[in-house]
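**Q** Structure provided below as structure tokens; questions to follow.
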There are 2 protein chains.
Amino acid sequence: MSQILRQQIEKITPLTDKEFEYILSHFTFKKLKKHQFLIQENDTVQNDHFVVKGLLKAYYVNHEGKEHIMQFAMEDWWVTDYQAYFNQTVATLNIDCLEPTEVLCLSIHNREKLCADMHKIEHSFRKKSNLGYVALQRRILSLLNSNAKERYEQLLQQYPTLFQRVPKTLIASYLGVSRETLSRLSS
Amino acid sequence: MSQILRQQIEKITPLTDKEFEYILSHFTFKKLKKHQFLIQENDTVQNDHFVVKGLLKAYYVNHEGKEHIMQFAMEDWWVTDYQAYFNQTVATLNIDCLEPTEVLCLSIHNREKLCADMHKIEHSFRKKSNLGYVALQRRILSLLNSNAKERYEQLLQQYPTLFQRVPKTLIASYLGVSRETLSRLSS
DNA sequence: TTTTTTTTGTGATATAAATCACACTAGGAA
DNA sequence: TTCCTAGTGTGATTTATATCACAAAAAAAA
């Protein structure tokens, strides 16, 4: 079950069984129902979460009550309110489950402990973070450079499986388009 | 002169003189004139660059010849085409100098060597990358959630010094607004 | 099954922002 | 100094997209 986590780390650096066991001992397991919140605005953010199974959305709700999706997270993805998690402040994002979900939770304390104890794992986290940075840059470029239709097509190409699991309304909210406009585009 | 680099690293982790000397030996120094390119589209990207002095813009030019600024970089900032740098592919961005500029260059090979040799420096790079990730998330949220005027005001608040050094035309290009619209906003 | 909620499509209208066009200004270069 | 280019402001018009409104379809709940 947690093999999916091991596989992810081992894409960057190989581990012995002992090492992985040690790493895993720093995580806790959490099971959530559909519609259940992982994090709500103003919560203190204890954990980063590795998705073992399921699908979540992390989103910001503005003063008009409008949602904007920061990220989706499915199997093999990490999700939390990173601003709050890294700076140990209060959440500005909400994260809830679009499907029944299972996650492995890593507190900031355990994360830092792991990184201090095991150079390997710090290496792996650095690499992951670098890739994440590049992915966000791509998204920014897409927002700056492309119109609604182009952004839709780019997303469709990048994450084709997402479209079978997520309603269009939410895709629209991720792309920064109204659902009506998105509906007109795909036809 | 390179003390500015040391200061940045030491915000995360203290260094001995020896350690810093060792780190610095992995960098090369480069001096550029105004309008000179640090990276051009289709270049192979050898280095990440720490700005010691000056100001640069990293931007994407689309098929219509329109520029979109991915980031500015001034003193104490890092800049390169990260997608190309980390994946050792060819640049899609251009980076050039808005002012006479001095940078310290770190090849990907030396970066990885430093990180492998010195757990401390890998730690520092991980932390930096995490902060960068959060900053990009904020920018995405700003693009999704705010109109031109709000984005302008957010930027003004976040980087007030930038506005004294960069023409409004470029601010517009960073914000994803036409220069005419930006001009009408600020009045 | 029936009922209720969520998701989607589509018309009509409003609006923010882009584009085109031109003129004015200021700072560097000759 | 004079020229020239980069930067800026502003009007007129167009365009992409948001918003409002309603109905149909699909999915979930009872």
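A note on labels: chains of the structure tokens are A, B, ... as shown, every chain counts residues from 1, and ligands are counted from 1 in their shown order.
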Could you list, as an NGL selection string, the residues of chain D having an atom within 12 Å of chain A when counting only C-alpha atoms (C1' of nucleotides)?
**A** :D and (16-20 or 26-27)
**Q** Just write the chosen residues, C-alpha atoms (C1' of nucleotides), as a compact mmCIF listing (two decimals), in the first residue's frame.
**A**
# COMPACT_ATOMS: atom_id res chain seq x y z
C1' DA D 16 -12.63 37.56 -25.40
C1' DT D 17 -14.71 36.31 -21.56
C1' DA D 18 -17.90 37.00 -17.45
C1' DT D 19 -22.38 37.22 -15.92
C1' DC D 20 -27.29 36.27 -15.77
C1' DA D 26 -26.94 12.91 -15.47
C1' DA D 27 -25.77 11.29 -11.08
**Q** Looking only at the backbone, which of the residues in range 15-167 of chain A does DSSP tag as strand (DSSP E), as a ChimeraX atom specification?
**A** /A:27-32,37-39,47-53,55-61,67-74,78-79,94-97,101-107
**Q** With 10 Å as the limit and counting only C-alpha atoms (C1' of nucleotides), what residues in chain A lie close to chain C? Please list them as a list of chain:residue names.
**A**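 Taking only C-alpha atoms (C1' of nucleotides) into account, A:Pro167, A:Lys168, A:Thr169, A:Arg179, A:Glu180, A:Ser183, A:Arg184, A:Ser187 sit within 10 Å of chain C.
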**Q** Using only C-alpha atoms, what does the table of chain A residues within 9 Å of chain B look like, with each row giving the shortest atom pair and its distance in Å to one decimal, sorted by chain and ascending number, as a Markdown table?
**A**
| residue | atom | partner | partner_atom | distance |
| --- | --- | --- | --- | --- |
| A:Tyr60 | CA | B:Leu141 | CA | 7.9 |
| A:Asn62 | CA | B:Asn145 | CA | 7.4 |
| A:Lys66 | CA | B:Asn145 | CA | 8.7 |
| A:Glu67 | CA | B:Asn145 | CA | 8.7 |
| A:His68 | CA | B:Leu144 | CA | 6.7 |
| A:Ile69 | CA | B:Leu141 | CA | 8.5 |
| A:Met70 | CA | B:Leu141 | CA | 7.0 |
| A:Tyr82 | CA | B:Val134 | CA | 6.4 |
| A:Gln83 | CA | B:Val134 | CA | 5.6 |
| A:Phe86 | CA | B:Asn130 | CA | 7.7 |
| A:Cys115 | CA | B:His123 | CA | 7.8 |
| A:Ala116 | CA | B:His123 | CA | 8.3 |
| A:His119 | CA | B:His119 | CA | 6.2 |
| A:Glu122 | CA | B:His123 | CA | 6.8 |
| A:His123 | CA | B:Glu122 | CA | 6.8 |
| A:Phe125 | CA | B:Arg126 | CA | 7.1 |
| A:Arg126 | CA | B:Arg126 | CA | 4.5 |
| A:Lys127 | CA | B:Arg126 | CA | 8.0 |
| A:Ser129 | CA | B:Ser129 | CA | 6.0 |
| A:Asn130 | CA | B:Ser129 | CA | 6.2 |
| A:Leu131 | CA | B:Phe86 | CA | 8.0 |
| A:Gly132 | CA | B:Tyr133 | CA | 6.9 |
| A:Tyr133 | CA | B:Tyr133 | CA | 5.2 |
| A:Val134 | CA | B:Gln83 | CA | 5.6 |
| A:Ala135 | CA | B:Gln83 | CA | 8.4 |
| A:Leu136 | CA | B:Leu136 | CA | 6.4 |
| A:Gln137 | CA | B:Leu136 | CA | 7.1 |
| A:Arg138 | CA | B:Gln83 | CA | 8.7 |
| A:Arg139 | CA | B:Ile140 | CA | 7.8 |
| A:Ile140 | CA | B:Ile140 | CA | 6.2 |
| A:Leu141 | CA | B:Met70 | CA | 6.9 |
| A:Leu143 | CA | B:Leu143 | CA | 7.3 |
| A:Leu144 | CA | B:Gly176 | CA | 5.2 |
| A:Asn145 | CA | B:His68 | CA | 6.9 |
| A:Ser173 | CA | B:Leu144 | CA | 8.6 |
| A:Tyr174 | CA | B:Leu144 | CA | 8.3 |
| A:Leu175 | CA | B:Leu144 | CA | 7.8 |
| A:Gly176 | CA | B:Leu144 | CA | 5.2 |
| A:Val177 | CA | B:Leu144 | CA | 8.6 |
**Q** For the residues selected in the previous step, produce a file with N, CA, C and O atoms as a short mmCIF file (atom, residue, chain, number, x, y, z; two decimals), in the first residue's frame.
**A**
data_model
loop_
_atom_site.label_atom_id
_atom_site.label_comp_id
_atom_site.auth_asym_id
_atom_site.auth_seq_id
_atom_site.Cartn_x
_atom_site.Cartn_y
_atom_site.Cartn_z
N TYR A 60 -8.80 28.15 -3.21
CA TYR A 60 -8.92 29.40 -2.49
C TYR A 60 -10.33 29.93 -2.71
O TYR A 60 -10.84 29.89 -3.83
N ASN A 62 -12.49 33.30 -2.58
CA ASN A 62 -12.31 34.75 -2.44
C ASN A 62 -13.49 35.41 -1.72
O ASN A 62 -14.46 34.75 -1.35
N LYS A 66 -16.16 32.99 -4.50
CA LYS A 66 -15.77 32.25 -5.70
C LYS A 66 -14.55 31.38 -5.45
O LYS A 66 -13.60 31.81 -4.80
N GLU A 67 -14.58 30.17 -5.96
CA GLU A 67 -13.47 29.24 -5.77
C GLU A 67 -12.45 29.31 -6.90
O GLU A 67 -12.83 29.38 -8.07
N HIS A 68 -11.17 29.26 -6.53
CA HIS A 68 -10.12 29.08 -7.53
C HIS A 68 -9.24 27.93 -7.11
O HIS A 68 -8.70 27.94 -6.00
N ILE A 69 -9.10 26.96 -8.00
CA ILE A 69 -8.37 25.75 -7.62
C ILE A 69 -6.87 25.93 -7.82
O ILE A 69 -6.41 26.24 -8.91
N MET A 70 -6.15 25.79 -6.73
CA MET A 70 -4.69 25.89 -6.74
C MET A 70 -4.08 24.63 -7.35
O MET A 70 -3.19 24.70 -8.17
N TYR A 82 0.96 24.80 1.28
CA TYR A 82 2.41 24.86 1.50
C TYR A 82 2.86 26.15 2.16
O TYR A 82 3.78 26.15 2.98
N GLN A 83 2.21 27.23 1.82
CA GLN A 83 2.53 28.49 2.48
C GLN A 83 2.37 28.34 3.99
O GLN A 83 3.27 28.70 4.76
N PHE A 86 4.96 25.41 5.44
CA PHE A 86 6.39 25.76 5.56
C PHE A 86 6.61 26.91 6.55
O PHE A 86 7.63 26.95 7.23
N CYS A 115 15.00 14.76 7.10
CA CYS A 115 16.00 15.42 6.24
C CYS A 115 17.33 15.59 6.96
O CYS A 115 18.39 15.48 6.35
N ALA A 116 17.27 15.85 8.26
CA ALA A 116 18.50 16.00 9.02
C ALA A 116 19.21 14.65 9.20
O ALA A 116 20.42 14.55 9.09
N HIS A 119 20.60 12.14 4.64
CA HIS A 119 20.94 13.04 3.52
C HIS A 119 20.16 12.65 2.26
O HIS A 119 19.64 13.51 1.54
N GLU A 122 16.68 14.10 2.08
CA GLU A 122 16.72 15.54 1.82
C GLU A 122 16.99 15.78 0.33
O GLU A 122 16.38 16.64 -0.30
N HIS A 123 17.90 14.99 -0.20
CA HIS A 123 18.18 15.05 -1.63
C HIS A 123 16.92 14.83 -2.45
O HIS A 123 16.59 15.59 -3.36
N PHE A 125 13.78 15.17 -1.53
CA PHE A 125 12.84 16.29 -1.37
C PHE A 125 13.28 17.52 -2.17
O PHE A 125 12.47 18.24 -2.72
N ARG A 126 14.57 17.75 -2.20
CA ARG A 126 15.05 18.90 -2.99
C ARG A 126 14.70 18.71 -4.46
O ARG A 126 14.17 19.61 -5.11
N LYS A 127 14.96 17.51 -4.95
CA LYS A 127 14.67 17.23 -6.36
C LYS A 127 13.19 17.39 -6.67
O LYS A 127 12.82 17.98 -7.69
N SER A 129 11.05 19.21 -5.10
CA SER A 129 10.69 20.62 -5.02
C SER A 129 11.09 21.38 -6.28
O SER A 129 10.35 22.22 -6.79
N ASN A 130 12.27 21.05 -6.80
CA ASN A 130 12.73 21.67 -8.04
C ASN A 130 11.77 21.37 -9.20
O ASN A 130 11.42 22.27 -9.97
N LEU A 131 11.34 20.14 -9.28
CA LEU A 131 10.40 19.78 -10.35
C LEU A 131 9.07 20.52 -10.17
O LEU A 131 8.47 20.97 -11.14
N GLY A 132 8.63 20.62 -8.93
CA GLY A 132 7.40 21.34 -8.64
C GLY A 132 7.50 22.80 -9.06
O GLY A 132 6.57 23.36 -9.65
N TYR A 133 8.65 23.39 -8.80
CA TYR A 133 8.88 24.78 -9.16
C TYR A 133 8.74 24.98 -10.67
O TYR A 133 8.05 25.88 -11.14
N VAL A 134 9.34 24.10 -11.41
CA VAL A 134 9.28 24.18 -12.87
C VAL A 134 7.84 24.00 -13.37
O VAL A 134 7.38 24.71 -14.27
N ALA A 135 7.11 23.10 -12.74
CA ALA A 135 5.72 22.87 -13.13
C ALA A 135 4.87 24.13 -12.91
O ALA A 135 4.04 24.48 -13.75
N LEU A 136 5.11 24.82 -11.80
CA LEU A 136 4.36 26.04 -11.53
C LEU A 136 4.73 27.14 -12.53
O LEU A 136 3.89 27.92 -12.95
N GLN A 137 6.01 27.21 -12.88
CA GLN A 137 6.42 28.18 -13.90
C GLN A 137 5.68 27.95 -15.21
O GLN A 137 5.23 28.89 -15.85
N ARG A 138 5.54 26.68 -15.56
CA ARG A 138 4.80 26.36 -16.79
C ARG A 138 3.36 26.82 -16.71
O ARG A 138 2.79 27.30 -17.68
N ARG A 139 2.77 26.63 -15.54
CA ARG A 139 1.38 27.05 -15.39
C ARG A 139 1.26 28.56 -15.49
O ARG A 139 0.32 29.08 -16.09
N ILE A 140 2.19 29.28 -14.89
CA ILE A 140 2.18 30.74 -14.97
C ILE A 140 2.29 31.19 -16.42
O ILE A 140 1.53 32.04 -16.89
N LEU A 141 3.20 30.58 -17.15
CA LEU A 141 3.36 30.93 -18.55
C LEU A 141 2.09 30.67 -19.33
O LEU A 141 1.69 31.47 -20.17
N LEU A 143 -0.92 30.76 -18.13
CA LEU A 143 -1.89 31.80 -17.77
C LEU A 143 -1.57 33.12 -18.46
O LEU A 143 -2.47 33.85 -18.88
N LEU A 144 -0.29 33.43 -18.58
CA LEU A 144 0.10 34.71 -19.19
C LEU A 144 -0.09 34.68 -20.70
O LEU A 144 -0.50 35.67 -21.30
N ASN A 145 0.20 33.56 -21.29
CA ASN A 145 0.42 33.51 -22.73
C ASN A 145 -0.76 32.95 -23.52
O ASN A 145 -0.89 33.22 -24.69
N SER A 173 -12.47 26.09 -13.03
CA SER A 173 -11.97 26.84 -11.88
C SER A 173 -10.44 26.74 -11.76
O SER A 173 -9.78 27.67 -11.32
N TYR A 174 -9.89 25.63 -12.19
CA TYR A 174 -8.44 25.46 -12.21
C TYR A 174 -7.81 26.32 -13.29
O TYR A 174 -6.74 26.91 -13.10
N LEU A 175 -8.49 26.40 -14.42
CA LEU A 175 -7.94 27.14 -15.56
C LEU A 175 -8.13 28.64 -15.45
O LEU A 175 -7.51 29.41 -16.19
N GLY A 176 -8.99 29.06 -14.53
CA GLY A 176 -9.29 30.48 -14.41
C GLY A 176 -10.24 30.96 -15.49
O GLY A 176 -10.07 32.03 -16.06
N VAL A 177 -11.25 30.14 -15.79
CA VAL A 177 -12.27 30.46 -16.79
C VAL A 177 -13.63 30.18 -16.17
O VAL A 177 -13.74 29.34 -15.28
#
**Q** Please return as a ChimeraX atom specification: the residues of range 40-111 of chain B that backbone DSSP assigns to alpha helix (DSSP H).
**A** /B:82-87,108-111
**Q** Please, could you write that set of residues out with all heavy atoms as a compact mmCIF listing (two decimals), in the first residue's frame?
**A**
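The resulting again24.txt:
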# COMPACT_ATOMS: atom_id res chain seq x y z
N TYR B 82 14.91 27.44 -15.55
CA TYR B 82 15.01 26.28 -14.66
C TYR B 82 14.58 24.99 -15.33
O TYR B 82 15.13 23.93 -15.06
CB TYR B 82 14.25 26.54 -13.36
CG TYR B 82 15.00 27.51 -12.49
CD1 TYR B 82 14.63 28.84 -12.43
CD2 TYR B 82 16.14 27.11 -11.80
CE1 TYR B 82 15.37 29.75 -11.67
CE2 TYR B 82 16.88 28.00 -11.06
CZ TYR B 82 16.48 29.32 -10.99
OH TYR B 82 17.22 30.21 -10.27
N GLN B 83 13.57 25.10 -16.16
CA GLN B 83 13.15 23.90 -16.88
C GLN B 83 14.33 23.32 -17.66
O GLN B 83 14.62 22.13 -17.58
CB GLN B 83 12.00 24.28 -17.84
CG GLN B 83 11.62 23.16 -18.78
CD GLN B 83 10.15 23.22 -19.14
OE1 GLN B 83 9.58 24.28 -19.37
NE2 GLN B 83 9.52 22.07 -19.18
N ALA B 84 15.01 24.18 -18.39
CA ALA B 84 16.15 23.73 -19.20
C ALA B 84 17.33 23.32 -18.32
O ALA B 84 18.02 22.34 -18.60
CB ALA B 84 16.56 24.83 -20.16
N TYR B 85 17.54 24.04 -17.26
CA TYR B 85 18.68 23.80 -16.37
C TYR B 85 18.54 22.45 -15.65
O TYR B 85 19.46 21.63 -15.68
CB TYR B 85 18.76 24.94 -15.36
CG TYR B 85 19.85 24.85 -14.32
CD1 TYR B 85 21.20 25.01 -14.65
CD2 TYR B 85 19.52 24.65 -12.98
CE1 TYR B 85 22.19 24.96 -13.67
CE2 TYR B 85 20.51 24.61 -12.00
CZ TYR B 85 21.84 24.76 -12.36
OH TYR B 85 22.82 24.73 -11.39
N PHE B 86 17.39 22.21 -15.06
CA PHE B 86 17.22 20.98 -14.29
C PHE B 86 17.10 19.75 -15.19
O PHE B 86 17.55 18.67 -14.83
CB PHE B 86 15.99 21.07 -13.39
CG PHE B 86 16.15 21.99 -12.23
CD1 PHE B 86 15.17 22.93 -11.91
CD2 PHE B 86 17.28 21.92 -11.41
CE1 PHE B 86 15.31 23.78 -10.82
CE2 PHE B 86 17.43 22.77 -10.32
CZ PHE B 86 16.44 23.71 -10.03
N ASN B 87 16.48 19.92 -16.33
CA ASN B 87 16.29 18.77 -17.22
C ASN B 87 17.35 18.70 -18.31
O ASN B 87 17.26 17.85 -19.19
CB ASN B 87 14.89 18.84 -17.85
CG ASN B 87 13.79 18.88 -16.81
OD1 ASN B 87 12.92 19.73 -16.84
ND2 ASN B 87 13.85 17.95 -15.85
N ILE B 108 25.11 22.90 -13.26
CA ILE B 108 24.32 21.84 -12.64
C ILE B 108 25.24 20.77 -12.04
O ILE B 108 24.96 20.22 -10.97
CB ILE B 108 23.30 21.22 -13.64
CG1 ILE B 108 22.34 20.25 -12.96
CG2 ILE B 108 24.01 20.52 -14.78
CD1 ILE B 108 21.22 20.91 -12.23
N HIS B 109 26.35 20.54 -12.70
CA HIS B 109 27.31 19.56 -12.20
C HIS B 109 27.87 19.98 -10.84
O HIS B 109 27.91 19.21 -9.89
CB HIS B 109 28.44 19.34 -13.21
CG HIS B 109 29.51 18.41 -12.72
ND1 HIS B 109 30.66 18.86 -12.11
CD2 HIS B 109 29.58 17.06 -12.71
CE1 HIS B 109 31.39 17.82 -11.76
NE2 HIS B 109 30.77 16.72 -12.12
N ASN B 110 28.28 21.24 -10.77
CA ASN B 110 28.82 21.74 -9.49
C ASN B 110 27.75 21.83 -8.41
O ASN B 110 28.03 21.62 -7.23
CB ASN B 110 29.47 23.11 -9.70
CG ASN B 110 30.89 22.96 -10.24
OD1 ASN B 110 31.47 21.88 -10.22
ND2 ASN B 110 31.45 24.06 -10.74
N ARG B 111 26.55 22.14 -8.82
CA ARG B 111 25.46 22.17 -7.85
C ARG B 111 25.26 20.80 -7.22
O ARG B 111 25.17 20.67 -6.00
CB ARG B 111 24.18 22.61 -8.57
CG ARG B 111 22.95 22.72 -7.69
CD ARG B 111 21.70 22.71 -8.54
NE ARG B 111 20.57 23.37 -7.92
CZ ARG B 111 20.35 24.66 -7.94
NH1 ARG B 111 21.17 25.47 -8.57
NH2 ARG B 111 19.29 25.17 -7.33
**Q** Please identify all polymer residues within 9 Å of Val51 in chain B, counting only C-alpha atoms (C1' of nucleotides), omitting same-chain residues fewer than 6 positions from it, and present them as a list of chain:residue names.
**A** B:Leu5, B:Ala73, B:Met74, B:Glu75, B:Asp76, B:Trp77, B:Trp78, B:Val79, B:Thr101, B:Glu102, B:Val103, B:Leu104, B:Cys105
**Q** With N, CA and C atoms retained, export the selected residues as a JSON list (two decimals), in the first residue's frame.
**A**
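The new file again-v3.json reads:
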[["chain", "number", "residue", "atom", "x", "y", "z"],
["B", 5, "LEU", "N", 26.19, 36.48, -1.28],
["B", 5, "LEU", "CA", 25.81, 35.07, -1.42],
["B", 5, "LEU", "C", 25.90, 34.36, -0.07],
["B", 73, "ALA", "N", 14.98, 39.58, -11.94],
["B", 73, "ALA", "CA", 15.97, 39.15, -10.95],
["B", 73, "ALA", "C", 16.87, 40.33, -10.62],
["B", 74, "MET", "N", 16.90, 40.68, -9.35],
["B", 74, "MET", "CA", 17.84, 41.70, -8.92],
["B", 74, "MET", "C", 18.75, 41.14, -7.83],
["B", 75, "GLU", "N", 19.51, 41.98, -7.19],
["B", 75, "GLU", "CA", 20.51, 41.55, -6.22],
["B", 75, "GLU", "C", 19.92, 40.53, -5.23],
["B", 76, "ASP", "N", 20.64, 39.45, -5.02],
["B", 76, "ASP", "CA", 20.25, 38.44, -4.04],
["B", 76, "ASP", "C", 19.23, 37.43, -4.59],
["B", 77, "TRP", "N", 18.87, 37.59, -5.88],
["B", 77, "TRP", "CA", 17.97, 36.63, -6.52],
["B", 77, "TRP", "C", 18.76, 35.66, -7.38],
["B", 78, "TRP", "N", 18.14, 34.52, -7.62],
["B", 78, "TRP", "CA", 18.68, 33.54, -8.56],
["B", 78, "TRP", "C", 17.88, 33.59, -9.84],
["B", 79, "VAL", "N", 18.53, 33.37, -10.96],
["B", 79, "VAL", "CA", 17.78, 33.31, -12.22],
["B", 79, "VAL", "C", 18.45, 32.41, -13.24],
["B", 101, "THR", "N", 25.25, 44.23, -15.10],
["B", 101, "THR", "CA", 24.95, 43.17, -14.14],
["B", 101, "THR", "C", 26.17, 42.28, -13.85],
["B", 102, "GLU", "N", 26.24, 41.80, -12.62],
["B", 102, "GLU", "CA", 27.27, 40.83, -12.25],
["B", 102, "GLU", "C", 26.61, 39.62, -11.60],
["B", 103, "VAL", "N", 26.97, 38.45, -12.07],
["B", 103, "VAL", "CA", 26.38, 37.23, -11.53],
["B", 103, "VAL", "C", 27.44, 36.20, -11.16],
["B", 104, "LEU", "N", 27.07, 35.34, -10.23],
["B", 104, "LEU", "CA", 27.88, 34.16, -9.91],
["B", 104, "LEU", "C", 27.17, 32.95, -10.52],
["B", 105, "CYS", "N", 27.91, 32.19, -11.31],
["B", 105, "CYS", "CA", 27.32, 31.09, -12.09],
["B", 105, "CYS", "C", 27.62, 29.75, -11.45]]
**Q** Might you pull out every residue within 10 Å of Thr28 in chain B, with only C-alpha atoms (C1' of nucleotides) counted and same-chain residues fewer than 2 positions away left off, and present them as a PDB file with N, CA and C atoms, in the first residue's frame?
**A**
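Here's the written file out_10.pdb:
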ATOM      1  N   LEU B  24      32.159  28.667  -2.687  1.00  0.00           N
ATOM      2  CA  LEU B  24      32.414  29.707  -3.685  1.00  0.00           C
ATOM      3  C   LEU B  24      33.299  29.205  -4.819  1.00  0.00           C
ATOM      4  N   SER B  25      34.178  28.268  -4.491  1.00  0.00           N
ATOM      5  CA  SER B  25      35.083  27.731  -5.517  1.00  0.00           C
ATOM      6  C   SER B  25      34.325  26.983  -6.618  1.00  0.00           C
ATOM      7  N   HIS B  26      33.061  26.709  -6.392  1.00  0.00           N
ATOM      8  CA  HIS B  26      32.259  26.029  -7.410  1.00  0.00           C
ATOM      9  C   HIS B  26      31.540  26.993  -8.352  1.00  0.00           C
ATOM     10  N   LYS B  30      30.638  36.320 -13.709  1.00  0.00           N
ATOM     11  CA  LYS B  30      30.375  36.852 -15.054  1.00  0.00           C
ATOM     12  C   LYS B  30      29.840  38.276 -14.951  1.00  0.00           C
ATOM     13  N   ASN B  47      24.180  27.115 -16.597  1.00  0.00           N
ATOM     14  CA  ASN B  47      24.293  27.614 -15.228  1.00  0.00           C
ATOM     15  C   ASN B  47      23.006  28.166 -14.643  1.00  0.00           C
ATOM     16  N   HIS B  49      22.175  31.276 -11.942  1.00  0.00           N
ATOM     17  CA  HIS B  49      22.923  32.514 -11.719  1.00  0.00           C
ATOM     18  C   HIS B  49      22.424  33.243 -10.483  1.00  0.00           C
ATOM     19  N   VAL B 103      26.974  38.449 -12.067  1.00  0.00           N
ATOM     20  CA  VAL B 103      26.375  37.227 -11.529  1.00  0.00           C
ATOM     21  C   VAL B 103      27.440  36.203 -11.160  1.00  0.00           C
ATOM     22  N   LEU B 104      27.067  35.336 -10.226  1.00  0.00           N
ATOM     23  CA  LEU B 104      27.876  34.158  -9.906  1.00  0.00           C
ATOM     24  C   LEU B 104      27.174  32.953 -10.519  1.00  0.00           C
ATOM     25  N   CYS B 105      27.912  32.185 -11.313  1.00  0.00           N
ATOM     26  CA  CYS B 105      27.321  31.090 -12.088  1.00  0.00           C
ATOM     27  C   CYS B 105      27.617  29.745 -11.445  1.00  0.00           C
ATOM     28  N   LEU B 106      26.587  28.912 -11.372  1.00  0.00           N
ATOM     29  CA  LEU B 106      26.735  27.577 -10.798  1.00  0.00           C
ATOM     30  C   LEU B 106      26.226  26.551 -11.796  1.00  0.00           C
ATOM     31  N   SER B 107      27.125  25.729 -12.293  1.00  0.00           N
ATOM     32  CA  SER B 107      26.714  24.692 -13.250  1.00  0.00           C
ATOM     33  C   SER B 107      25.916  23.620 -12.523  1.00  0.00           C
TER      34      SER B 107
END
